[in-house]
Amino acid sequence: MSEGIKKFAAEFIGTFVLVLVACGVAAVTGCNGAQANGAYILTALAFGLVIVAMAYSIGNISGCHINPAVSVGVLINGGMTVTDFIGYVASQFLGAIAGAAVLRGLIGTELGLGCNGLYDGSVMKSIVVEVILTCIFVLAVLGATSKAQNSHVAGLVIGGSLTLVHLLGIYFTGTSVNPARSFGPALLLGGESLSVVWVFIVAPMIGGIIAALIWKCLWNGENA
């Protein structure tokens, strides 16, 4: 198996696990952004812990992006080719769809599959929230992976950062910060979730691009 195929397979598997497990926790615990209860905390932790688990299992193969917003940040900063970027994003979306399909097969659609929703019914508010949270998260990823000596703790930092943005973002939109994570469940659930999923594709990608541009301005490669 070629190195490229291995990377794409790793991204598929990682995104599959993220959607199945983390979105699954959100669905089966009845996570509701309006209630800061145990389900809220468990969902935030689930997303972060999946990233930690995948970082230390597939990270050496693909870098464990499992998120198109992370991949676009890496692309802008010269960490991958356009061809790899396309392959990563395609693998991430396919993995998310597969994860959502398995989740739907297990629990049906009544629990919502962990889909995102507009905050206060507002597209603009939701975009602002998702752009800011994604920017924070992708900045953390770029920073944690900027030095080789950080590799033993990068997974923990990135997982902790994803947990952090979920602790705030679940209240507003359910927290996407990941177009693939949002698209898979929305596609399998359909209805209103699918009609607004474009917000959770566009906004995280904008946030990832902004984070990459900020990082290019701040980072001095001589300090690597």
# chains A, B, ... in the order shown; residues from 1 in each chain; ligands from 1
call {"tool": "select_by_dssp", "arguments": {"residues": "range 6-108 of chain A", "states": "alpha helix (DSSP H)", "output": "JSON, numbers by chain"}}
result
{"A": [6, 7, 8, 9, 10, 11, 12, 13, 14, 15, 16, 17, 24, 25, 26, 27, 28, 38, 39, 40, 41, 42, 43, 44, 45, 46, 47, 48, 49, 50, 51, 52, 53, 54, 55, 56, 57, 58, 59, 60, 61, 62, 68, 69, 70, 71, 72, 73, 74, 75, 76, 82, 83, 84, 85, 86, 87, 88, 89, 90, 91, 92, 93, 94, 95, 96, 97, 98, 99, 100, 101, 102, 103, 104, 105, 106, 107]}
call {"tool": "write_last_selection", "arguments": {"atoms": "C-alpha atoms", "output": "PDB file, in the first residue's frame"}}
result
ATOM      1  CA  LYS A   6      -2.107   4.825   3.991  1.00  0.00           C
ATOM      2  CA  LYS A   7      -2.555   8.495   4.907  1.00  0.00           C
ATOM      3  CA  PHE A   8      -5.998   8.676   3.349  1.00  0.00           C
ATOM      4  CA  ALA A   9      -7.048   5.433   5.039  1.00  0.00           C
ATOM      5  CA  ALA A  10      -5.851   6.774   8.393  1.00  0.00           C
ATOM      6  CA  GLU A  11      -7.870   9.965   7.917  1.00  0.00           C
ATOM      7  CA  PHE A  12     -10.943   7.935   6.981  1.00  0.00           C
ATOM      8  CA  ILE A  13     -10.589   5.770  10.096  1.00  0.00           C
ATOM      9  CA  GLY A  14      -9.921   8.708  12.408  1.00  0.00           C
ATOM     10  CA  THR A  15     -12.929  10.688  11.195  1.00  0.00           C
ATOM     11  CA  PHE A  16     -15.103   7.580  11.303  1.00  0.00           C
ATOM     12  CA  VAL A  17     -14.201   7.073  14.969  1.00  0.00           C
ATOM     13  CA  GLY A  24     -22.655   9.099  19.466  1.00  0.00           C
ATOM     14  CA  VAL A  25     -21.977  10.272  23.020  1.00  0.00           C
ATOM     15  CA  ALA A  26     -23.766  13.545  22.267  1.00  0.00           C
ATOM     16  CA  ALA A  27     -26.782  11.650  20.912  1.00  0.00           C
ATOM     17  CA  VAL A  28     -27.147   8.900  23.510  1.00  0.00           C
ATOM     18  CA  GLY A  38     -23.397  15.896  32.755  1.00  0.00           C
ATOM     19  CA  ALA A  39     -24.249  15.161  29.124  1.00  0.00           C
ATOM     20  CA  TYR A  40     -22.793  18.530  28.113  1.00  0.00           C
ATOM     21  CA  ILE A  41     -19.491  17.796  29.861  1.00  0.00           C
ATOM     22  CA  LEU A  42     -19.348  14.199  28.639  1.00  0.00           C
ATOM     23  CA  THR A  43     -19.806  15.322  25.043  1.00  0.00           C
ATOM     24  CA  ALA A  44     -17.017  17.886  25.277  1.00  0.00           C
ATOM     25  CA  LEU A  45     -14.728  15.275  26.812  1.00  0.00           C
ATOM     26  CA  ALA A  46     -15.685  12.682  24.199  1.00  0.00           C
ATOM     27  CA  PHE A  47     -14.583  14.897  21.324  1.00  0.00           C
ATOM     28  CA  GLY A  48     -11.309  15.728  23.042  1.00  0.00           C
ATOM     29  CA  LEU A  49     -10.554  12.154  24.079  1.00  0.00           C
ATOM     30  CA  VAL A  50     -11.185  10.785  20.598  1.00  0.00           C
ATOM     31  CA  ILE A  51      -8.605  13.231  19.260  1.00  0.00           C
ATOM     32  CA  VAL A  52      -6.107  12.104  21.899  1.00  0.00           C
ATOM     33  CA  ALA A  53      -6.720   8.436  21.079  1.00  0.00           C
ATOM     34  CA  MET A  54      -6.439   8.962  17.338  1.00  0.00           C
ATOM     35  CA  ALA A  55      -3.395  11.238  17.622  1.00  0.00           C
ATOM     36  CA  TYR A  56      -1.425   8.493  19.328  1.00  0.00           C
ATOM     37  CA  SER A  57      -2.669   5.775  16.974  1.00  0.00           C
ATOM     38  CA  ILE A  58      -2.754   7.283  13.475  1.00  0.00           C
ATOM     39  CA  GLY A  59      -0.790  10.477  14.104  1.00  0.00           C
ATOM     40  CA  ASN A  60       2.477   8.988  12.827  1.00  0.00           C
ATOM     41  CA  ILE A  61       0.747   7.938   9.615  1.00  0.00           C
ATOM     42  CA  SER A  62      -1.277  10.975   8.545  1.00  0.00           C
ATOM     43  CA  PRO A  68     -10.757  19.705   6.795  1.00  0.00           C
ATOM     44  CA  ALA A  69     -10.267  22.951   8.730  1.00  0.00           C
ATOM     45  CA  VAL A  70      -7.026  21.574  10.173  1.00  0.00           C
ATOM     46  CA  SER A  71      -5.942  20.322   6.761  1.00  0.00           C
ATOM     47  CA  VAL A  72      -6.474  23.713   5.130  1.00  0.00           C
ATOM     48  CA  GLY A  73      -4.403  25.315   7.888  1.00  0.00           C
ATOM     49  CA  VAL A  74      -1.597  22.842   7.288  1.00  0.00           C
ATOM     50  CA  LEU A  75      -1.857  23.385   3.521  1.00  0.00           C
ATOM     51  CA  ILE A  76      -1.559  27.169   3.811  1.00  0.00           C
ATOM     52  CA  VAL A  82      -2.668  20.279  -2.791  1.00  0.00           C
ATOM     53  CA  THR A  83      -3.028  16.667  -3.957  1.00  0.00           C
ATOM     54  CA  ASP A  84      -2.717  15.379  -0.397  1.00  0.00           C
ATOM     55  CA  PHE A  85      -5.144  18.061   0.799  1.00  0.00           C
ATOM     56  CA  ILE A  86      -7.791  16.899  -1.656  1.00  0.00           C
ATOM     57  CA  GLY A  87      -7.253  13.285  -0.650  1.00  0.00           C
ATOM     58  CA  TYR A  88      -7.380  14.121   3.055  1.00  0.00           C
ATOM     59  CA  VAL A  89     -10.613  16.099   2.773  1.00  0.00           C
ATOM     60  CA  ALA A  90     -12.304  13.435   0.646  1.00  0.00           C
ATOM     61  CA  SER A  91     -11.247  10.749   3.143  1.00  0.00           C
ATOM     62  CA  GLN A  92     -12.475  12.823   6.081  1.00  0.00           C
ATOM     63  CA  PHE A  93     -15.905  13.378   4.559  1.00  0.00           C
ATOM     64  CA  LEU A  94     -16.246   9.717   3.614  1.00  0.00           C
ATOM     65  CA  GLY A  95     -15.179   8.654   7.096  1.00  0.00           C
ATOM     66  CA  ALA A  96     -17.713  10.995   8.668  1.00  0.00           C
ATOM     67  CA  ILE A  97     -20.505   9.664   6.468  1.00  0.00           C
ATOM     68  CA  ALA A  98     -19.562   6.082   7.319  1.00  0.00           C
ATOM     69  CA  GLY A  99     -19.437   6.877  11.041  1.00  0.00           C
ATOM     70  CA  ALA A 100     -22.828   8.555  10.907  1.00  0.00           C
ATOM     71  CA  ALA A 101     -24.266   5.636   8.935  1.00  0.00           C
ATOM     72  CA  VAL A 102     -23.142   3.141  11.587  1.00  0.00           C
ATOM     73  CA  LEU A 103     -24.447   5.409  14.352  1.00  0.00           C
ATOM     74  CA  ARG A 104     -27.801   5.718  12.610  1.00  0.00           C
ATOM     75  CA  GLY A 105     -27.925   1.954  12.205  1.00  0.00           C
ATOM     76  CA  LEU A 106     -27.378   1.542  15.940  1.00  0.00           C
ATOM     77  CA  ILE A 107     -29.660   4.225  17.401  1.00  0.00           C
TER      78      ILE A 107
END
call {"tool": "residues_around", "arguments": {"residues": "Gly191 in chain A", "least_positions_apart": "5", "cutoff": "12 Å", "atoms": "only C-alpha atoms", "output": "list in words"}}
result
Thr109, Gly112, Cys115, Gly117, Pro185, Ala186, Val196 and Val197 of chain A
call {"tool": "write_last_selection", "arguments": {"atoms": "N, CA and C atoms", "output": "compact mmCIF listing (two decimals), in the first residue's frame"}}
result
# COMPACT_ATOMS: atom_id res chain seq x y z
N THR A 109 -32.68 7.70 14.21
CA THR A 109 -32.52 9.14 14.03
C THR A 109 -33.22 9.98 15.11
N GLY A 112 -30.99 12.33 17.12
CA GLY A 112 -30.37 13.46 16.43
C GLY A 112 -28.99 13.26 15.85
N CYS A 115 -26.04 16.20 15.58
CA CYS A 115 -25.97 17.26 14.57
C CYS A 115 -25.84 18.64 15.19
N GLY A 117 -26.71 22.86 15.11
CA GLY A 117 -27.87 23.70 14.83
C GLY A 117 -27.52 25.16 14.95
N PRO A 185 -23.30 13.44 9.95
CA PRO A 185 -24.57 13.30 10.66
C PRO A 185 -25.72 14.04 9.98
N ALA A 186 -25.46 15.24 9.44
CA ALA A 186 -26.53 16.00 8.79
C ALA A 186 -27.05 15.27 7.56
N VAL A 196 -29.04 23.44 6.89
CA VAL A 196 -28.15 24.48 7.45
C VAL A 196 -26.72 24.00 7.57
N VAL A 197 -26.41 22.78 7.11
CA VAL A 197 -25.06 22.25 7.31
C VAL A 197 -24.01 23.07 6.59
call {"tool": "atom_distance", "arguments": {"atom1": "CA of Trp219 in chain A", "atom2": "CA of Thr175 in chain A"}}
result
27.4 Å
call {"tool": "residues_around", "arguments": {"residues": "Cys135 in chain A", "least_positions_apart": "4", "cutoff": "10 Å", "atoms": "only C-alpha atoms", "output": "list of chain:residue names"}}
result
A:Ala69, A:Val70, A:Gly73, A:Val129, A:Glu130, A:Val131, A:Leu139, A:Ala140, A:Val141, A:Val177, A:Ala203, A:Pro204, A:Met205, A:Ile206, A:Gly207, A:Gly208, A:Ile209, A:Ile210, A:Ala211, A:Ala212, A:Ile214
call {"tool": "residues_around", "arguments": {"residues": "Asp120 in chain A", "least_positions_apart": "3", "cutoff": "9 Å", "atoms": "only C-alpha atoms", "output": "list of chain:residue names"}}
result
A:Val123, A:Lys125, A:Ser126, A:Phe172, A:Thr173
call {"tool": "closest_residue", "arguments": {"among": "A:Val153, A:Leu189, A:Leu167, A:Leu133", "to": "Gly33 in chain A", "atoms": "only C-alpha atoms"}}
result
A:Leu167
